[in-house]
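Colleague: PDB, N, CA, C and O atoms, saved as start.pdb, coming up:
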```pdb
ATOM      1  N   MET M   1     -10.769  31.730   4.899
ATOM      2  CA  MET M   1     -12.144  31.737   4.429
ATOM      3  C   MET M   1     -12.258  31.098   3.043
ATOM      4  O   MET M   1     -13.107  30.242   2.825
ATOM      5  N   THR M   2     -11.398  31.501   2.117
ATOM      6  CA  THR M   2     -11.420  30.946   0.772
ATOM      7  C   THR M   2     -11.104  29.452   0.802
ATOM      8  O   THR M   2     -11.689  28.678   0.055
ATOM      9  N   PHE M   3     -10.189  29.068   1.680
ATOM     10  CA  PHE M   3      -9.819  27.664   1.816
ATOM     11  C   PHE M   3     -11.033  26.827   2.197
ATOM     12  O   PHE M   3     -11.251  25.749   1.636
ATOM     13  N   ASN M   4     -11.846  27.312   3.135
ATOM     14  CA  ASN M   4     -13.034  26.575   3.575
ATOM     15  C   ASN M   4     -14.071  26.459   2.466
ATOM     16  O   ASN M   4     -14.696  25.408   2.303
ATOM     17  N   ILE M   5     -14.254  27.520   1.713
ATOM     18  CA  ILE M   5     -15.227  27.490   0.615
ATOM     19  C   ILE M   5     -14.762  26.512  -0.457
ATOM     20  O   ILE M   5     -15.540  25.696  -0.956
ATOM     21  N   PHE M   6     -13.477  26.604  -0.822
ATOM     22  CA  PHE M   6     -12.933  25.714  -1.845
ATOM     23  C   PHE M   6     -12.988  24.258  -1.383
ATOM     24  O   PHE M   6     -13.315  23.365  -2.167
ATOM     25  N   SER M   7     -12.693  24.016  -0.117
ATOM     26  CA  SER M   7     -12.788  22.653   0.429
ATOM     27  C   SER M   7     -14.221  22.143   0.375
ATOM     28  O   SER M   7     -14.462  20.971   0.073
ATOM     29  N   SER M   8     -15.182  23.002   0.659
ATOM     30  CA  SER M   8     -16.596  22.617   0.591
ATOM     31  C   SER M   8     -17.005  22.267  -0.835
ATOM     32  O   SER M   8     -17.739  21.292  -1.055
ATOM     33  N   ILE M   9     -16.526  23.030  -1.804
ATOM     34  CA  ILE M   9     -16.836  22.752  -3.209
ATOM     35  C   ILE M   9     -16.254  21.400  -3.619
ATOM     36  O   ILE M   9     -16.911  20.609  -4.310
ATOM     37  N   ILE M  10     -15.037  21.110  -3.181
ATOM     38  CA  ILE M  10     -14.411  19.820  -3.482
ATOM     39  C   ILE M  10     -15.210  18.692  -2.851
ATOM     40  O   ILE M  10     -15.452  17.650  -3.484
ATOM     41  N   PHE M  11     -15.644  18.880  -1.616
ATOM     42  CA  PHE M  11     -16.435  17.862  -0.930
ATOM     43  C   PHE M  11     -17.749  17.608  -1.661
ATOM     44  O   PHE M  11     -18.135  16.453  -1.879
ATOM     45  N   ILE M  12     -18.432  18.663  -2.058
ATOM     46  CA  ILE M  12     -19.709  18.511  -2.775
ATOM     47  C   ILE M  12     -19.476  17.822  -4.122
ATOM     48  O   ILE M  12     -20.250  16.947  -4.522
ATOM     49  N   SER M  13     -18.406  18.195  -4.811
ATOM     50  CA  SER M  13     -18.079  17.572  -6.090
ATOM     51  C   SER M  13     -17.836  16.074  -5.923
ATOM     52  O   SER M  13     -18.287  15.264  -6.742
ATOM     53  N   SER M  14     -17.148  15.700  -4.857
ATOM     54  CA  SER M  14     -16.894  14.276  -4.630
ATOM     55  C   SER M  14     -18.177  13.521  -4.288
ATOM     56  O   SER M  14     -18.351  12.372  -4.698
ATOM     57  N   LEU M  15     -19.093  14.164  -3.562
ATOM     58  CA  LEU M  15     -20.372  13.520  -3.269
ATOM     59  C   LEU M  15     -21.205  13.327  -4.538
ATOM     60  O   LEU M  15     -21.838  12.280  -4.721
ATOM     61  N   ILE M  16     -21.198  14.329  -5.403
ATOM     62  CA  ILE M  16     -21.932  14.205  -6.670
ATOM     63  C   ILE M  16     -21.300  13.110  -7.532
ATOM     64  O   ILE M  16     -21.997  12.356  -8.210
ATOM     65  N   TYR M  17     -19.981  13.006  -7.481
ATOM     66  CA  TYR M  17     -19.288  11.938  -8.212
ATOM     67  C   TYR M  17     -19.741  10.562  -7.719
ATOM     68  O   TYR M  17     -20.019   9.665  -8.531
ATOM     69  N   LEU M  18     -19.825  10.381  -6.414
ATOM     70  CA  LEU M  18     -20.295   9.106  -5.870
ATOM     71  C   LEU M  18     -21.742   8.834  -6.273
ATOM     72  O   LEU M  18     -22.115   7.690  -6.566
ATOM     73  N   PHE M  19     -22.570   9.876  -6.303
ATOM     74  CA  PHE M  19     -23.950   9.757  -6.769
ATOM     75  C   PHE M  19     -23.968   9.317  -8.237
ATOM     76  O   PHE M  19     -24.776   8.465  -8.631
ATOM     77  N   ALA M  20     -23.073   9.893  -9.047
ATOM     78  CA  ALA M  20     -23.002   9.538 -10.469
ATOM     79  C   ALA M  20     -22.593   8.082 -10.656
ATOM     80  O   ALA M  20     -23.097   7.394 -11.550
ATOM     81  N   ILE M  21     -21.693   7.597  -9.814
ATOM     82  CA  ILE M  21     -21.291   6.193  -9.897
ATOM     83  C   ILE M  21     -22.471   5.290  -9.557
ATOM     84  O   ILE M  21     -22.742   4.309 -10.251
ATOM     85  N   LYS M  22     -23.181   5.654  -8.496
ATOM     86  CA  LYS M  22     -24.322   4.828  -8.075
ATOM     87  C   LYS M  22     -25.375   4.742  -9.169
ATOM     88  O   LYS M  22     -25.981   3.691  -9.388
ATOM     89  N   HIS M  23     -25.616   5.843  -9.876
ATOM     90  CA  HIS M  23     -26.658   5.887 -10.906
ATOM     91  C   HIS M  23     -26.104   5.692 -12.317
ATOM     92  O   HIS M  23     -26.832   5.883 -13.286
ATOM     93  N   ASN M  24     -24.818   5.333 -12.406
ATOM     94  CA  ASN M  24     -24.162   5.042 -13.678
ATOM     95  C   ASN M  24     -24.327   6.172 -14.696
ATOM     96  O   ASN M  24     -24.631   5.933 -15.860
ATOM     97  N   ASN M  25     -24.125   7.400 -14.251
ATOM     98  CA  ASN M  25     -24.197   8.564 -15.122
ATOM     99  C   ASN M  25     -22.794   8.844 -15.663
ATOM    100  O   ASN M  25     -21.977   9.503 -15.025
ATOM    101  N   GLN M  26     -22.505   8.326 -16.851
ATOM    102  CA  GLN M  26     -21.168   8.403 -17.427
ATOM    103  C   GLN M  26     -20.719   9.847 -17.685
ATOM    104  O   GLN M  26     -19.545  10.160 -17.524
ATOM    105  N   THR M  27     -21.628  10.707 -18.069
ATOM    106  CA  THR M  27     -21.264  12.102 -18.333
ATOM    107  C   THR M  27     -20.711  12.755 -17.073
ATOM    108  O   THR M  27     -19.638  13.382 -17.109
ATOM    109  N   LEU M  28     -21.425  12.620 -15.970
ATOM    110  CA  LEU M  28     -20.941  13.203 -14.720
ATOM    111  C   LEU M  28     -19.645  12.544 -14.250
ATOM    112  O   LEU M  28     -18.758  13.225 -13.723
ATOM    113  N   ILE M  29     -19.530  11.255 -14.451
ATOM    114  CA  ILE M  29     -18.308  10.557 -14.045
ATOM    115  C   ILE M  29     -17.113  11.102 -14.810
ATOM    116  O   ILE M  29     -16.066  11.393 -14.226
ATOM    117  N   TYR M  30     -17.255  11.256 -16.129
ATOM    118  CA  TYR M  30     -16.148  11.748 -16.958
ATOM    119  C   TYR M  30     -15.797  13.203 -16.648
ATOM    120  O   TYR M  30     -14.671  13.631 -16.868
ATOM    121  N   ILE M  31     -16.742  13.960 -16.135
ATOM    122  CA  ILE M  31     -16.464  15.357 -15.778
ATOM    123  C   ILE M  31     -15.904  15.459 -14.360
ATOM    124  O   ILE M  31     -14.912  16.154 -14.119
ATOM    125  N   LEU M  32     -16.530  14.759 -13.430
ATOM    126  CA  LEU M  32     -16.214  14.974 -12.017
ATOM    127  C   LEU M  32     -14.980  14.220 -11.519
ATOM    128  O   LEU M  32     -14.319  14.694 -10.590
ATOM    129  N   LYS M  33     -14.659  13.074 -12.107
ATOM    130  CA  LYS M  33     -13.480  12.360 -11.606
ATOM    131  C   LYS M  33     -12.211  13.192 -11.816
ATOM    132  O   LYS M  33     -11.496  13.462 -10.858
ATOM    133  N   PRO M  34     -11.909  13.631 -13.035
ATOM    134  CA  PRO M  34     -10.728  14.484 -13.172
ATOM    135  C   PRO M  34     -10.971  15.899 -12.642
ATOM    136  O   PRO M  34     -10.041  16.552 -12.155
ATOM    137  N   GLY M  35     -12.211  16.367 -12.694
ATOM    138  CA  GLY M  35     -12.512  17.714 -12.219
ATOM    139  C   GLY M  35     -12.274  17.885 -10.731
ATOM    140  O   GLY M  35     -11.713  18.890 -10.283
ATOM    141  N   THR M  36     -12.676  16.893  -9.955
ATOM    142  CA  THR M  36     -12.459  16.950  -8.509
ATOM    143  C   THR M  36     -10.969  16.916  -8.191
ATOM    144  O   THR M  36     -10.487  17.671  -7.347
ATOM    145  N   MET M  37     -10.230  16.059  -8.893
ATOM    146  CA  MET M  37      -8.780  15.999  -8.668
ATOM    147  C   MET M  37      -8.108  17.308  -9.069
ATOM    148  O   MET M  37      -7.201  17.788  -8.383
ATOM    149  N   LEU M  38      -8.572  17.908 -10.137
ATOM    150  CA  LEU M  38      -8.025  19.198 -10.555
ATOM    151  C   LEU M  38      -8.279  20.271  -9.497
ATOM    152  O   LEU M  38      -7.402  21.090  -9.208
ATOM    153  N   MET M  39      -9.459  20.257  -8.903
ATOM    154  CA  MET M  39      -9.752  21.215  -7.832
ATOM    155  C   MET M  39      -8.867  20.969  -6.608
ATOM    156  O   MET M  39      -8.435  21.914  -5.946
ATOM    157  N   ILE M  40      -8.581  19.708  -6.305
ATOM    158  CA  ILE M  40      -7.678  19.395  -5.189
ATOM    159  C   ILE M  40      -6.282  19.925  -5.489
ATOM    160  O   ILE M  40      -5.612  20.487  -4.613
ATOM    161  N   ILE M  41      -5.836  19.771  -6.735
ATOM    162  CA  ILE M  41      -4.525  20.294  -7.127
ATOM    163  C   ILE M  41      -4.499  21.814  -7.009
ATOM    164  O   ILE M  41      -3.530  22.396  -6.506
ATOM    165  N   LEU M  42      -5.560  22.474  -7.456
ATOM    166  CA  LEU M  42      -5.626  23.941  -7.339
ATOM    167  C   LEU M  42      -5.627  24.374  -5.879
ATOM    168  O   LEU M  42      -5.002  25.384  -5.529
ATOM    169  N   LEU M  43      -6.300  23.632  -5.031
ATOM    170  CA  LEU M  43      -6.283  23.932  -3.598
ATOM    171  C   LEU M  43      -4.866  23.801  -3.043
ATOM    172  O   LEU M  43      -4.411  24.646  -2.268
ATOM    173  N   ALA M  44      -4.159  22.761  -3.470
ATOM    174  CA  ALA M  44      -2.778  22.571  -3.015
ATOM    175  C   ALA M  44      -1.875  23.696  -3.527
ATOM    176  O   ALA M  44      -0.957  24.124  -2.822
ATOM    177  N   LEU M  45      -2.131  24.182  -4.729
ATOM    178  CA  LEU M  45      -1.320  25.276  -5.283
ATOM    179  C   LEU M  45      -1.540  26.591  -4.544
ATOM    180  O   LEU M  45      -0.639  27.433  -4.510
ATOM    181  N   THR M  46      -2.724  26.768  -3.969
ATOM    182  CA  THR M  46      -3.003  28.012  -3.251
ATOM    183  C   THR M  46      -2.504  27.982  -1.813
ATOM    184  O   THR M  46      -2.538  29.002  -1.135
ATOM    185  N   SER M  47      -2.033  26.827  -1.359
ATOM    186  CA  SER M  47      -1.526  26.736   0.011
ATOM    187  C   SER M  47      -0.095  27.277   0.069
ATOM    188  O   SER M  47       0.473  27.692  -0.929
ATOM    189  N   THR M  48       0.476  27.244   1.245
ATOM    190  CA  THR M  48       1.829  27.724   1.448
ATOM    191  C   THR M  48       2.810  26.837   0.675
ATOM    192  O   THR M  48       2.903  25.638   0.945
ATOM    193  N   PRO M  49       3.528  27.403  -0.297
ATOM    194  CA  PRO M  49       4.432  26.568  -1.095
ATOM    195  C   PRO M  49       5.677  26.173  -0.301
ATOM    196  O   PRO M  49       6.246  26.968   0.429
ATOM    197  N   SER M  50       6.049  24.933  -0.433
ATOM    198  CA  SER M  50       7.286  24.424   0.145
ATOM    199  C   SER M  50       7.771  23.317  -0.778
ATOM    200  O   SER M  50       7.049  22.876  -1.671
ATOM    201  N   SER M  51       8.980  22.845  -0.563
ATOM    202  CA  SER M  51       9.481  21.776  -1.435
ATOM    203  C   SER M  51       8.652  20.510  -1.264
ATOM    204  O   SER M  51       8.392  19.792  -2.228
ATOM    205  N   TYR M  52       8.182  20.252  -0.060
ATOM    206  CA  TYR M  52       7.334  19.091   0.192
ATOM    207  C   TYR M  52       5.998  19.238  -0.540
ATOM    208  O   TYR M  52       5.497  18.279  -1.139
ATOM    209  N   ALA M  53       5.429  20.429  -0.511
ATOM    210  CA  ALA M  53       4.145  20.668  -1.184
ATOM    211  C   ALA M  53       4.268  20.441  -2.688
ATOM    212  O   ALA M  53       3.346  19.906  -3.313
ATOM    213  N   TRP M  54       5.387  20.825  -3.273
ATOM    214  CA  TRP M  54       5.566  20.618  -4.708
ATOM    215  C   TRP M  54       5.621  19.131  -5.056
ATOM    216  O   TRP M  54       5.108  18.716  -6.095
ATOM    217  N   TRP M  55       6.226  18.311  -4.200
ATOM    218  CA  TRP M  55       6.243  16.872  -4.441
ATOM    219  C   TRP M  55       4.833  16.298  -4.362
ATOM    220  O   TRP M  55       4.469  15.411  -5.144
ATOM    221  N   ILE M  56       4.038  16.802  -3.447
ATOM    222  CA  ILE M  56       2.646  16.357  -3.337
ATOM    223  C   ILE M  56       1.867  16.761  -4.589
ATOM    224  O   ILE M  56       1.091  15.962  -5.144
ATOM    225  N   ILE M  57       2.073  17.978  -5.056
ATOM    226  CA  ILE M  57       1.376  18.454  -6.255
ATOM    227  C   ILE M  57       1.770  17.631  -7.473
ATOM    228  O   ILE M  57       0.915  17.265  -8.293
ATOM    229  N   ILE M  58       3.054  17.311  -7.606
ATOM    230  CA  ILE M  58       3.502  16.468  -8.724
ATOM    231  C   ILE M  58       2.834  15.092  -8.640
ATOM    232  O   ILE M  58       2.373  14.555  -9.650
ATOM    233  N   GLY M  59       2.753  14.528  -7.441
ATOM    234  CA  GLY M  59       2.083  13.240  -7.269
ATOM    235  C   GLY M  59       0.609  13.302  -7.630
ATOM    236  O   GLY M  59       0.068  12.388  -8.257
ATOM    237  N   LEU M  60      -0.047  14.399  -7.257
ATOM    238  CA  LEU M  60      -1.464  14.568  -7.599
ATOM    239  C   LEU M  60      -1.649  14.712  -9.109
ATOM    240  O   LEU M  60      -2.607  14.173  -9.679
ATOM    241  N   LEU M  61      -0.746  15.431  -9.777
ATOM    242  CA  LEU M  61      -0.825  15.571 -11.232
ATOM    243  C   LEU M  61      -0.650  14.223 -11.923
ATOM    244  O   LEU M  61      -1.384  13.904 -12.874
ATOM    245  N   LEU M  62       0.306  13.424 -11.468
ATOM    246  CA  LEU M  62       0.494  12.096 -12.048
ATOM    247  C   LEU M  62      -0.720  11.207 -11.787
ATOM    248  O   LEU M  62      -1.117  10.412 -12.654
ATOM    249  N   SER M  63      -1.324  11.347 -10.627
ATOM    250  CA  SER M  63      -2.543  10.601 -10.316
ATOM    251  C   SER M  63      -3.681  11.012 -11.246
ATOM    252  O   SER M  63      -4.450  10.167 -11.717
ATOM    253  N   LEU M  64      -3.777  12.302 -11.525
ATOM    254  CA  LEU M  64      -4.803  12.800 -12.445
ATOM    255  C   LEU M  64      -4.600  12.220 -13.840
ATOM    256  O   LEU M  64      -5.552  11.769 -14.486
ATOM    257  N   ILE M  65      -3.359  12.203 -14.296
ATOM    258  CA  ILE M  65      -3.062  11.633 -15.618
ATOM    259  C   ILE M  65      -3.421  10.153 -15.646
ATOM    260  O   ILE M  65      -4.012   9.660 -16.611
ATOM    261  N   GLY M  66      -3.085   9.435 -14.583
ATOM    262  CA  GLY M  66      -3.435   8.017 -14.502
ATOM    263  C   GLY M  66      -4.935   7.795 -14.528
ATOM    264  O   GLY M  66      -5.426   6.887 -15.206
ATOM    265  N   ASP M  67      -5.682   8.630 -13.805
ATOM    266  CA  ASP M  67      -7.150   8.522 -13.807
ATOM    267  C   ASP M  67      -7.716   8.727 -15.209
ATOM    268  O   ASP M  67      -8.623   8.011 -15.635
ATOM    269  N   ILE M  68      -7.170   9.694 -15.920
ATOM    270  CA  ILE M  68      -7.663   9.978 -17.271
ATOM    271  C   ILE M  68      -7.371   8.795 -18.198
ATOM    272  O   ILE M  68      -8.232   8.393 -18.982
ATOM    273  N   PHE M  69      -6.161   8.232 -18.113
ATOM    274  CA  PHE M  69      -5.849   7.055 -18.932
ATOM    275  C   PHE M  69      -6.782   5.890 -18.618
ATOM    276  O   PHE M  69      -7.197   5.162 -19.517
ATOM    277  N   LEU M  70      -7.109   5.697 -17.356
ATOM    278  CA  LEU M  70      -7.976   4.578 -16.985
ATOM    279  C   LEU M  70      -9.429   4.806 -17.396
ATOM    280  O   LEU M  70     -10.195   3.853 -17.516
ATOM    281  N   MET M  71      -9.816   6.056 -17.607
ATOM    282  CA  MET M  71     -11.184   6.355 -18.025
ATOM    283  C   MET M  71     -11.387   6.209 -19.527
ATOM    284  O   MET M  71     -12.511   6.052 -19.985
ATOM    285  N   VAL M  72     -10.306   6.260 -20.298
ATOM    286  CA  VAL M  72     -10.399   6.177 -21.755
ATOM    287  C   VAL M  72     -10.951   4.807 -22.140
ATOM    288  O   VAL M  72     -10.544   3.786 -21.562
ATOM    289  N   PRO M  73     -11.886   4.773 -23.089
ATOM    290  CA  PRO M  73     -12.490   3.483 -23.468
ATOM    291  C   PRO M  73     -11.484   2.468 -24.000
ATOM    292  O   PRO M  73     -11.672   1.272 -23.843
ATOM    293  N   ASN M  74     -10.423   2.925 -24.643
ATOM    294  CA  ASN M  74      -9.405   1.987 -25.131
ATOM    295  C   ASN M  74      -8.651   1.409 -23.935
ATOM    296  O   ASN M  74      -8.664   1.959 -22.844
ATOM    297  N   ASP M  75      -7.961   0.309 -24.182
ATOM    298  CA  ASP M  75      -7.212  -0.335 -23.107
ATOM    299  C   ASP M  75      -5.918   0.432 -22.848
ATOM    300  O   ASP M  75      -4.915   0.232 -23.516
ATOM    301  N   ARG M  76      -5.952   1.337 -21.901
ATOM    302  CA  ARG M  76      -4.787   2.151 -21.529
ATOM    303  C   ARG M  76      -4.379   1.876 -20.082
ATOM    304  O   ARG M  76      -3.860   2.752 -19.408
ATOM    305  N   PHE M  77      -4.609   0.650 -19.615
ATOM    306  CA  PHE M  77      -4.304   0.320 -18.235
ATOM    307  C   PHE M  77      -2.825   0.507 -17.924
ATOM    308  O   PHE M  77      -2.464   1.081 -16.890
ATOM    309  N   LEU M  78      -1.964   0.038 -18.822
ATOM    310  CA  LEU M  78      -0.528   0.144 -18.582
ATOM    311  C   LEU M  78      -0.098   1.608 -18.495
ATOM    312  O   LEU M  78       0.713   1.978 -17.640
ATOM    313  N   HIS M  79      -0.642   2.448 -19.361
ATOM    314  CA  HIS M  79      -0.324   3.877 -19.318
ATOM    315  C   HIS M  79      -0.776   4.492 -17.994
ATOM    316  O   HIS M  79      -0.052   5.294 -17.387
ATOM    317  N   GLY M  80      -1.961   4.137 -17.560
ATOM    318  CA  GLY M  80      -2.469   4.639 -16.290
ATOM    319  C   GLY M  80      -1.638   4.146 -15.122
ATOM    320  O   GLY M  80      -1.384   4.881 -14.169
ATOM    321  N   LEU M  81      -1.202   2.900 -15.197
ATOM    322  CA  LEU M  81      -0.388   2.333 -14.123
ATOM    323  C   LEU M  81       0.968   3.027 -14.053
ATOM    324  O   LEU M  81       1.460   3.328 -12.962
ATOM    325  N   VAL M  82       1.569   3.309 -15.198
ATOM    326  CA  VAL M  82       2.861   3.986 -15.220
ATOM    327  C   VAL M  82       2.726   5.405 -14.677
ATOM    328  O   VAL M  82       3.604   5.888 -13.972
ATOM    329  N   SER M  83       1.620   6.043 -14.990
ATOM    330  CA  SER M  83       1.416   7.417 -14.485
ATOM    331  C   SER M  83       1.367   7.427 -12.987
ATOM    332  O   SER M  83       1.811   8.317 -12.328
TER
END
```
Once more with this new file: its structure as structure tokens, please.

Modeller:
Amino acid sequence: MTFNIFSSIIFISSLIYLFAIKHNNQTLIYILKPGTMLMIILLALTSTPSSYAWWIIIGLLLSLIGDIFLMVPNDRFLHGLVS
């Protein structure tokens, strides 16, 4: 039950993020892009832990770091790419 509710919240967050991109709302973009990924990571942490799941979580965390570097106004493309 909790999994379905959390999945629905992630889905709604991603839809609002797409709406923010369409309307160029930078505030929502800066909140929802890493926020949605963070919620996905939290969902993965609440699932059944296994060694495979931990590798997925590490990959999601690195993806989140890369997204944050790419969102920074300074040129941090290389940092984001390495992440």

Colleague: Return the single residue from M:Ile68, M:Met39, M:Leu81, M:Leu61 that is closest to Ser8 in chain M, with distances computed using only C-alpha atoms.

Modeller: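 Closest to Ser8 in chain M, using only C-alpha atoms: M:Met39.
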
Colleague: Of the candidates M:Leu64, M:Ile57, M:Leu18, M:Val82, which shows the shortest atom-to-atom distance to Pro34 in chain M, using all atoms listed in the file?

Modeller: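 Among the listed residues, M:Leu64 lies closest to Pro34 in chain M.
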
Colleague: Work out how far CA of Ser14 in chain M is from atom O of Gln26 in chain M, in Å to one decimal.

Modeller: 13.8 Å

Colleague: Draw an axis-aligned box tight on the listed atoms of range 79-82 of chain M, then pad every side by 6 Å and write out centre and edge lengths in Å to one decimal as JSON.

Modeller:
```
{"center_x": 0.6, "center_y": 4.1, "center_z": -16.2, "size_x": 18.1, "size_y": 15.6, "size_z": 18.4}
```

Colleague: Check the smallest atom-to-atom distance from each of M:Tyr30, M:Tyr17, M:Phe3, M:Phe77 to Leu43 in chain M using all atoms listed in the file, then report the winner.

Modeller: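 Checking each of M:Tyr30, M:Tyr17, M:Phe3, M:Phe77 against Leu43 in chain M, counting all atoms listed in the file, the winner is M:Phe3.
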
Colleague: What does the distance between atom N of Val72 in chain M and atom N of Ala53 in chain M come to in Å, to one decimal place?

Modeller: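 Result for atom N of Val72 in chain M versus atom N of Ala53 in chain M: 29.0 Å, one decimal.
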
Colleague: I need the residue set behind the PyMOL selection byres ((chain M and resi 79) around 8) for this file; please write it as a list in words.

Modeller: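 Applied to this file, the PyMOL selection byres ((chain M and resi 79) around 8) selects Leu62, Ile65, Gly66, Asp67, Ile68, Phe69, Leu70, Asp75, Arg76, Phe77, Leu78, Gly80, Leu81, Val82 and Ser83 of chain M.
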
Colleague: From chain M, collect each residue whose DSSP state is helix (DSSP H, G or I) and return the set as an NGL selection string.

Modeller: :M and (2-22 or 26-46 or 51-71 or 77-82)

Colleague: Could you check which residues have any atom within 12 Å of (-8.2, 26.7, -0.1), counting only C-alpha atoms with coordinates taken straight from the file, and then list them as a list of chain:residue names?

Modeller: M:Met1, M:Thr2, M:Phe3, M:Asn4, M:Ile5, M:Phe6, M:Ser7, M:Ser8, M:Ile9, M:Ile10, M:Met39, M:Ile40, M:Ile41, M:Leu42, M:Leu43, M:Ala44, M:Leu45, M:Thr46, M:Ser47, M:Thr48

Colleague: Write a file of the just-selected residues containing N, CA, C and O atoms, as a compact mmCIF listing (two decimals), keeping the file's coordinate frame.

Modeller:
```txt
# COMPACT_ATOMS: atom_id res chain seq x y z
N MET M 1 -10.77 31.73 4.90
CA MET M 1 -12.14 31.74 4.43
C MET M 1 -12.26 31.10 3.04
O MET M 1 -13.11 30.24 2.82
N THR M 2 -11.40 31.50 2.12
CA THR M 2 -11.42 30.95 0.77
C THR M 2 -11.10 29.45 0.80
O THR M 2 -11.69 28.68 0.06
N PHE M 3 -10.19 29.07 1.68
CA PHE M 3 -9.82 27.66 1.82
C PHE M 3 -11.03 26.83 2.20
O PHE M 3 -11.25 25.75 1.64
N ASN M 4 -11.85 27.31 3.14
CA ASN M 4 -13.03 26.58 3.58
C ASN M 4 -14.07 26.46 2.47
O ASN M 4 -14.70 25.41 2.30
N ILE M 5 -14.25 27.52 1.71
CA ILE M 5 -15.23 27.49 0.62
C ILE M 5 -14.76 26.51 -0.46
O ILE M 5 -15.54 25.70 -0.96
N PHE M 6 -13.48 26.60 -0.82
CA PHE M 6 -12.93 25.71 -1.84
C PHE M 6 -12.99 24.26 -1.38
O PHE M 6 -13.32 23.36 -2.17
N SER M 7 -12.69 24.02 -0.12
CA SER M 7 -12.79 22.65 0.43
C SER M 7 -14.22 22.14 0.38
O SER M 7 -14.46 20.97 0.07
N SER M 8 -15.18 23.00 0.66
CA SER M 8 -16.60 22.62 0.59
C SER M 8 -17.00 22.27 -0.84
O SER M 8 -17.74 21.29 -1.06
N ILE M 9 -16.53 23.03 -1.80
CA ILE M 9 -16.84 22.75 -3.21
C ILE M 9 -16.25 21.40 -3.62
O ILE M 9 -16.91 20.61 -4.31
N ILE M 10 -15.04 21.11 -3.18
CA ILE M 10 -14.41 19.82 -3.48
C ILE M 10 -15.21 18.69 -2.85
O ILE M 10 -15.45 17.65 -3.48
N MET M 39 -9.46 20.26 -8.90
CA MET M 39 -9.75 21.22 -7.83
C MET M 39 -8.87 20.97 -6.61
O MET M 39 -8.44 21.91 -5.95
N ILE M 40 -8.58 19.71 -6.30
CA ILE M 40 -7.68 19.40 -5.19
C ILE M 40 -6.28 19.92 -5.49
O ILE M 40 -5.61 20.49 -4.61
N ILE M 41 -5.84 19.77 -6.74
CA ILE M 41 -4.53 20.29 -7.13
C ILE M 41 -4.50 21.81 -7.01
O ILE M 41 -3.53 22.40 -6.51
N LEU M 42 -5.56 22.47 -7.46
CA LEU M 42 -5.63 23.94 -7.34
C LEU M 42 -5.63 24.37 -5.88
O LEU M 42 -5.00 25.38 -5.53
N LEU M 43 -6.30 23.63 -5.03
CA LEU M 43 -6.28 23.93 -3.60
C LEU M 43 -4.87 23.80 -3.04
O LEU M 43 -4.41 24.65 -2.27
N ALA M 44 -4.16 22.76 -3.47
CA ALA M 44 -2.78 22.57 -3.02
C ALA M 44 -1.88 23.70 -3.53
O ALA M 44 -0.96 24.12 -2.82
N LEU M 45 -2.13 24.18 -4.73
CA LEU M 45 -1.32 25.28 -5.28
C LEU M 45 -1.54 26.59 -4.54
O LEU M 45 -0.64 27.43 -4.51
N THR M 46 -2.72 26.77 -3.97
CA THR M 46 -3.00 28.01 -3.25
C THR M 46 -2.50 27.98 -1.81
O THR M 46 -2.54 29.00 -1.14
N SER M 47 -2.03 26.83 -1.36
CA SER M 47 -1.53 26.74 0.01
C SER M 47 -0.10 27.28 0.07
O SER M 47 0.47 27.69 -0.93
N THR M 48 0.48 27.24 1.25
CA THR M 48 1.83 27.72 1.45
C THR M 48 2.81 26.84 0.68
O THR M 48 2.90 25.64 0.94
```

Colleague: Just checking: using all atoms listed in the file, which residue out of M:Met71, M:Ser51, M:Phe11, M:Lys22 ends up closest to Thr36 in chain M?

Modeller: M:Phe11

Colleague: Quick check, in Å to one decimal: how far apart do atom O of Ile29 in chain M and atom O of Trp55 in chain M lie?

Modeller: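 One can read the atom O of Ile29 in chain M to atom O of Trp55 in chain M distance as 22.8 Å.
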